[in-house]
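Structure file upload_38.pdb (PDB, C-alpha atoms) is printed below.
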```pdb
ATOM      1  CA  MET A   1      76.950  70.569  59.404
ATOM      2  CA  ASN A   2      78.386  68.417  62.159
ATOM      3  CA  LYS A   3      81.907  69.251  61.016
ATOM      4  CA  THR A   4      81.150  72.964  61.175
ATOM      5  CA  LYS A   5      79.633  72.555  64.611
ATOM      6  CA  HIS A   6      82.640  70.635  65.854
ATOM      7  CA  ASN A   7      85.002  73.272  64.465
ATOM      8  CA  THR A   8      83.028  76.017  66.216
ATOM      9  CA  ILE A   9      83.155  74.134  69.514
ATOM     10  CA  ALA A  10      86.879  73.558  69.082
ATOM     11  CA  ILE A  11      87.496  77.260  68.468
ATOM     12  CA  ILE A  12      85.461  78.206  71.546
ATOM     13  CA  VAL A  13      87.394  75.705  73.686
ATOM     14  CA  VAL A  14      90.715  77.058  72.415
ATOM     15  CA  LEU A  15      89.634  80.653  73.098
ATOM     16  CA  LEU A  16      88.424  79.804  76.593
ATOM     17  CA  PHE A  17      91.621  77.920  77.344
ATOM     18  CA  GLY A  18      93.666  80.837  76.051
ATOM     19  CA  CYS A  19      91.743  83.278  78.228
ATOM     20  CA  LEU A  20      92.285  81.027  81.237
ATOM     21  CA  LEU A  21      96.024  80.891  80.588
ATOM     22  CA  PHE A  22      96.130  84.680  80.157
ATOM     23  CA  TYR A  23      94.158  85.167  83.383
ATOM     24  CA  VAL A  24      96.529  82.958  85.359
ATOM     25  CA  GLY A  25      99.634  84.316  83.684
ATOM     26  CA  THR A  26      98.683  87.932  84.306
ATOM     27  CA  ASP A  27      97.589  87.479  87.915
ATOM     28  CA  GLY A  28      93.887  87.798  87.151
ATOM     29  CA  PHE A  29      94.334  90.235  84.227
ATOM     30  CA  ARG A  30      95.985  92.707  86.611
ATOM     31  CA  ALA A  31      99.592  92.041  85.670
ATOM     32  CA  PHE A  32     100.266  92.829  82.037
ATOM     33  CA  THR A  33     103.969  93.319  82.700
ATOM     34  CA  ALA A  34     106.592  91.801  84.979
ATOM     35  CA  GLU A  35     106.697  95.108  86.870
ATOM     36  CA  THR A  36     102.983  95.023  87.619
ATOM     37  CA  ALA A  37     103.224  91.383  88.663
ATOM     38  CA  ARG A  38     106.087  92.266  90.997
ATOM     39  CA  PHE A  39     104.108  95.101  92.597
ATOM     40  CA  ASN A  40     101.035  92.891  92.950
ATOM     41  CA  GLN A  41     103.141  90.294  94.767
ATOM     42  CA  LEU A  42     104.583  92.964  97.050
ATOM     43  CA  MET A  43     101.090  94.151  97.933
ATOM     44  CA  LYS A  44     100.181  90.572  98.729
ATOM     45  CA  ASP A  45     103.291  89.988 100.868
ATOM     46  CA  GLN A  46     103.399  93.476 102.465
ATOM     47  CA  PRO A  47     107.020  93.228 103.642
ATOM     48  CA  GLN A  48     108.362  95.015 106.692
ATOM     49  CA  PHE A  49     110.947  97.730 106.215
ATOM     50  CA  PRO A  50     114.158  95.923 107.277
ATOM     51  CA  ASP A  51     116.530  97.060 109.986
ATOM     52  CA  VAL A  52     118.939  99.441 108.249
ATOM     53  CA  THR A  53     121.169 102.327 109.268
ATOM     54  CA  LEU A  54     120.583 105.553 107.346
ATOM     55  CA  VAL A  55     122.896 108.526 106.884
ATOM     56  CA  ASP A  56     121.080 111.669 105.786
ATOM     57  CA  SER A  57     121.973 114.988 104.170
ATOM     58  CA  ASN A  58     122.749 116.478 107.578
ATOM     59  CA  GLY A  59     125.218 113.691 108.375
ATOM     60  CA  ARG A  60     122.898 112.205 110.991
ATOM     61  CA  ILE A  61     123.058 108.450 111.519
ATOM     62  CA  TYR A  62     119.984 106.545 112.674
ATOM     63  CA  SER A  63     117.932 103.427 112.143
ATOM     64  CA  PHE A  64     114.534 103.309 110.466
ATOM     65  CA  SER A  65     113.000 103.273 113.950
ATOM     66  CA  GLU A  66     113.654 107.037 113.837
ATOM     67  CA  PHE A  67     110.272 107.177 112.095
ATOM     68  CA  GLU A  68     108.450 104.943 114.553
ATOM     69  CA  ASN A  69     104.676 105.484 114.628
ATOM     70  CA  LYS A  70     104.768 107.576 111.452
ATOM     71  CA  TYR A  71     103.871 106.851 107.862
ATOM     72  CA  VAL A  72     106.868 107.103 105.547
ATOM     73  CA  PHE A  73     106.506 108.097 101.889
ATOM     74  CA  ILE A  74     109.561 106.734 100.074
ATOM     75  CA  THR A  75     111.383 106.975  96.760
ATOM     76  CA  PHE A  76     114.576 105.231  95.636
ATOM     77  CA  MET A  77     116.975 107.292  93.511
ATOM     78  CA  TYR A  78     120.586 108.403  93.018
ATOM     79  CA  THR A  79     121.783 111.949  92.568
ATOM     80  CA  ALA A  80     123.836 111.417  89.385
ATOM     81  CA  CYS A  81     120.743 110.128  87.573
ATOM     82  CA  THR A  82     120.018 112.067  84.406
ATOM     83  CA  THR A  83     116.757 110.353  83.482
ATOM     84  CA  VAL A  84     113.806 109.391  85.655
ATOM     85  CA  CYS A  85     115.057 110.508  89.083
ATOM     86  CA  TRP A  86     114.535 114.200  88.400
ATOM     87  CA  GLN A  87     110.881 113.646  87.561
ATOM     88  CA  LEU A  88     110.523 111.172  90.433
ATOM     89  CA  GLU A  89     111.789 113.655  93.008
ATOM     90  CA  ALA A  90     109.979 116.620  91.468
ATOM     91  CA  ASN A  91     106.715 114.681  91.653
ATOM     92  CA  MET A  92     107.496 113.645  95.203
ATOM     93  CA  GLY A  93     107.784 117.350  95.952
ATOM     94  CA  HIS A  94     104.381 117.960  94.382
ATOM     95  CA  VAL A  95     102.820 115.293  96.621
ATOM     96  CA  TYR A  96     104.625 116.765  99.624
ATOM     97  CA  ASP A  97     103.220 120.227  98.844
ATOM     98  CA  ARG A  98      99.659 118.915  98.463
ATOM     99  CA  ILE A  99      99.416 116.860 101.647
ATOM    100  CA  PRO A 100      97.561 118.828 104.370
ATOM    101  CA  LYS A 101     100.250 120.506 106.458
ATOM    102  CA  GLN A 102      98.908 119.266 109.784
ATOM    103  CA  TYR A 103     100.051 115.753 108.853
ATOM    104  CA  VAL A 104     103.528 116.511 107.521
ATOM    105  CA  GLY A 105     106.187 115.778 110.111
ATOM    106  CA  GLU A 106     103.583 114.806 112.697
ATOM    107  CA  ASP A 107     102.024 111.781 110.990
ATOM    108  CA  ILE A 108     104.066 111.322 107.828
ATOM    109  CA  ILE A 109     107.696 111.736 106.800
ATOM    110  CA  PHE A 110     108.991 111.870 103.242
ATOM    111  CA  LEU A 111     112.212 109.937 102.611
ATOM    112  CA  SER A 112     114.292 109.748  99.422
ATOM    113  CA  ILE A 113     116.791 106.883  99.628
ATOM    114  CA  SER A 114     119.862 106.838  97.389
ATOM    115  CA  PHE A 115     121.075 103.420  96.271
ATOM    116  CA  ASP A 116     124.491 104.900  95.369
ATOM    117  CA  PRO A 117     126.123 105.343  98.791
ATOM    118  CA  GLU A 118     129.624 105.493  97.347
ATOM    119  CA  LYS A 119     128.921 108.796  95.592
ATOM    120  CA  ASP A 120     125.950 110.143  97.541
ATOM    121  CA  ASP A 121     127.589 111.276 100.744
ATOM    122  CA  PRO A 122     125.840 113.785 103.056
ATOM    123  CA  ALA A 123     127.296 116.810 101.267
ATOM    124  CA  THR A 124     126.106 115.561  97.868
ATOM    125  CA  LEU A 125     122.652 114.749  99.225
ATOM    126  CA  ASP A 126     122.496 118.173 100.864
ATOM    127  CA  ARG A 127     123.138 119.926  97.551
ATOM    128  CA  TYR A 128     120.711 117.655  95.718
ATOM    129  CA  LYS A 129     117.846 118.216  98.138
ATOM    130  CA  ASP A 130     117.944 121.951  97.476
ATOM    131  CA  TYR A 131     116.946 121.393  93.852
ATOM    132  CA  PHE A 132     113.591 120.108  95.101
ATOM    133  CA  ASP A 133     113.130 122.378  98.143
ATOM    134  CA  SER A 134     113.458 119.458 100.534
ATOM    135  CA  ASP A 135     113.805 120.789 104.070
ATOM    136  CA  GLY A 136     115.998 117.878 105.188
ATOM    137  CA  GLU A 137     113.689 117.186 108.112
ATOM    138  CA  THR A 138     110.108 116.407 107.131
ATOM    139  CA  TRP A 139     111.449 115.425 103.706
ATOM    140  CA  ARG A 140     114.817 113.764 104.146
ATOM    141  CA  MET A 141     117.341 112.506 101.652
ATOM    142  CA  ALA A 142     119.540 109.692 102.904
ATOM    143  CA  THR A 143     121.513 106.647 101.912
ATOM    144  CA  ILE A 144     122.444 103.303 103.460
ATOM    145  CA  PRO A 145     126.245 102.879 103.616
ATOM    146  CA  ASP A 146     126.112  99.164 104.443
ATOM    147  CA  GLN A 147     125.776  97.483 101.048
ATOM    148  CA  SER A 148     124.287  94.271 102.450
ATOM    149  CA  GLN A 149     121.572  96.246 104.267
ATOM    150  CA  LEU A 150     120.881  98.269 101.132
ATOM    151  CA  ASP A 151     120.697  95.177  98.928
ATOM    152  CA  ASN A 152     118.304  93.517 101.366
ATOM    153  CA  LEU A 153     116.001  96.550 101.393
ATOM    154  CA  LEU A 154     115.959  96.764  97.602
ATOM    155  CA  LYS A 155     115.155  93.063  97.382
ATOM    156  CA  GLU A 156     112.374  93.248  99.979
ATOM    157  CA  PHE A 157     110.745  96.228  98.230
ATOM    158  CA  GLY A 158     111.163  94.883  94.699
ATOM    159  CA  VAL A 159     113.461  97.704  93.591
ATOM    160  CA  ILE A 160     115.525  96.635  90.592
ATOM    161  CA  VAL A 161     118.892  98.394  90.318
ATOM    162  CA  ILE A 162     121.291  97.381  87.545
ATOM    163  CA  PRO A 163     124.645  99.195  87.284
ATOM    164  CA  ASN A 164     126.054  99.921  83.838
ATOM    165  CA  ASP A 165     129.574 100.602  82.604
ATOM    166  CA  ASN A 166     129.497 104.399  82.933
ATOM    167  CA  GLY A 167     128.627 104.689  86.617
ATOM    168  CA  HIS A 168     124.888 104.952  86.150
ATOM    169  CA  PHE A 169     122.032 102.593  86.949
ATOM    170  CA  THR A 170     118.982 101.218  85.227
ATOM    171  CA  HIS A 171     116.196 101.044  87.799
ATOM    172  CA  ASN A 172     112.460 100.987  88.292
ATOM    173  CA  SER A 173     110.661 103.844  90.032
ATOM    174  CA  ALA A 174     107.537 104.259  92.140
ATOM    175  CA  PHE A 175     106.161 105.865  95.277
ATOM    176  CA  TYR A 176     106.172 103.551  98.310
ATOM    177  CA  LEU A 177     104.138 104.072 101.479
ATOM    178  CA  VAL A 178     105.108 102.376 104.734
ATOM    179  CA  ASN A 179     102.584 102.482 107.564
ATOM    180  CA  ARG A 180     103.100 103.309 111.241
ATOM    181  CA  GLN A 181     104.134  99.710 111.935
ATOM    182  CA  GLY A 182     106.826  99.723 109.247
ATOM    183  CA  THR A 183     104.817  97.645 106.758
ATOM    184  CA  LEU A 184     104.778  98.398 103.040
ATOM    185  CA  THR A 185     101.102  98.987 102.298
ATOM    186  CA  ASN A 186     100.986 100.988  99.033
ATOM    187  CA  ILE A 187     102.966 101.263  95.820
ATOM    188  CA  MET A 188     101.871 104.151  93.619
ATOM    189  CA  ASP A 189     102.549 105.381  90.098
ATOM    190  CA  PHE A 190     105.015 108.242  90.512
ATOM    191  CA  THR A 191     103.742 109.919  87.337
ATOM    192  CA  ASN A 192     100.252 110.363  88.792
ATOM    193  CA  VAL A 193     100.694 113.027  91.452
ATOM    194  CA  GLU A 194      96.979 113.623  91.992
ATOM    195  CA  GLU A 195      96.188 109.961  92.567
ATOM    196  CA  ALA A 196      99.129 109.500  94.938
ATOM    197  CA  THR A 197      98.153 112.628  96.877
ATOM    198  CA  ASN A 198      94.545 111.494  97.198
ATOM    199  CA  THR A 199      95.586 107.998  98.285
ATOM    200  CA  VAL A 200      97.908 109.255 101.008
ATOM    201  CA  THR A 201      95.555 111.988 102.207
ATOM    202  CA  THR A 202      92.664 109.525 102.479
ATOM    203  CA  ILE A 203      94.824 107.102 104.471
ATOM    204  CA  LEU A 204      95.911 109.859 106.855
ATOM    205  CA  GLU A 205      92.355 111.168 107.295
ATOM    206  CA  ASN A 206      90.954 107.690 107.948
ATOM    207  CA  ASP A 207      93.780 106.989 110.378
ATOM    208  CA  LYS A 208      92.827 110.101 112.313
ATOM    209  CA  GLY A 209      89.126 109.295 112.084
ATOM    210  CA  GLU A 210      88.389 112.508 110.208
TER     211      GLU A 210
END
```
Could you express the structure from this file as structure tokens?
Amino acid sequence: MNKTKHNTIAIIVVLLFGCLLFYVGTDGFRAFTAETARFNQLMKDQPQFPDVTLVDSNGRIYSFSEFENKYVFITFMYTACTTVCWQLEANMGHVYDRIPKQYVGEDIIFLSISFDPEKDDPATLDRYKDYFDSDGETWRMATIPDQSQLDNLLKEFGVIVIPNDNGHFTHNSAFYLVNRQGTLTNIMDFTNVEEATNTVTTILENDKGE
């Protein structure tokens, strides 16, 4: 009897210890993957958008301060992508279309940033934006020609970009929201258009006190 009791206690202790390790290792059960853990850490750190120089599809050159006092809804992509980028940008367009029009351009700008500046020059970005009905103004497509600035931004925002041998990249994808002060405040699942739209709309409405 005592042996059975001791075995039961031992099993319970092992299970509790295992649960504790899982809790710690998954950031309180929230991080079941390295990607989720990375996003959770970003939400904890809330990095500032670094000082970079952008070149957009119209050939305009400006710093991120161009969007001062506006929210910026961001994706990271490259135009030669044949996998996730098409769905990423299409879904960005769906969010863009669903945000109340009084906010677009006035309170929020949409910005698709290419991490392939060598190939994604203004002319290429200009052609690419037309596939998604981007107007080039309230939804801009741009790149960052300075590789050190680009690398720093990707690092700060937890964007993983791994080049392969055929000129393409393996990369993670999400929607990123930067607030009026240039702080990253939200990372959203790009496959869930409705949730992203509701999140952004609620933020904009609360910001306006509506």
- For Tyr78 in chain A, the closest of A:Phe49, A:Phe115, A:Tyr128, A:Tyr176 counting all atoms listed in the file is A:Phe115
- Message: Could you list, as an MDAnalysis selection string, every residue within 10 Å of Tyr131 in chain A, counting only C-alpha atoms and ignoring same-chain residues fewer than 2 positions away?
- Response: chainID A and resid 86 89:90 126:129 133:134
- Task: Report the distance between CA of Pro145 in chain A and CA of Asn69 in chain A in Å, rounded to one decimal place.
- Result: 24.4 Å
- Message: I'd like the residues picked by the PyMOL selection byres ((chain A and resi 83) around 12) written out as JSON, numbers by chain, using the chain letters and numbers from the file.
- Response: {"A": [77, 78, 79, 80, 81, 82, 84, 85, 86, 87, 88, 89, 168, 169, 170, 171, 172, 173]}
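Closest approach to Leu153 in chain A from the set A:Met188, A:Ser114, A:Asn166, A:Asn91 is made by A:Ser114, with distances taken over all atoms listed in the file.
Between CA of Ser148 in chain A and CA of Gly59 in chain A there is a distance of 20.3 Å.
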- Task: Could you check how far CA of Ser112 in chain A sits from CA of Arg38 in chain A, in Å to one decimal?
- Result: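 Answer for the CA of Ser112 in chain A to CA of Arg38 in chain A separation: 21.1 Å.
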- Query: Could you tell me, as JSON, numbers by chain, which residues have any atom at most 8 Å from (112.1, 93.1, 100.6), counting only C-alpha atoms?
  - Reply: {"A": [47, 48, 49, 50, 152, 153, 154, 155, 156, 157, 158]}
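Distance check against Thr53 in chain A using only C-alpha atoms: of A:Ala37, A:Ala142, A:Leu111, A:Ala123, the minimum falls on A:Ala142.
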- Query: Of the candidates A:Arg140, A:Thr183, A:Asp121, A:Asp116, which shows the shortest atom-to-atom distance to Gly167 in chain A, using only C-alpha atoms?
  - Reply: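 Counting only C-alpha atoms, the residue closest to Gly167 in chain A is A:Asp116.
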- Message: So, with all atoms listed in the file as the atoms that count, which of A:Thr191, A:Asn40, A:Gln46, A:Gln147 lies closest to His94 in chain A?
- Response: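 The shortest atom-to-atom distance to His94 in chain A comes from A:Thr191.
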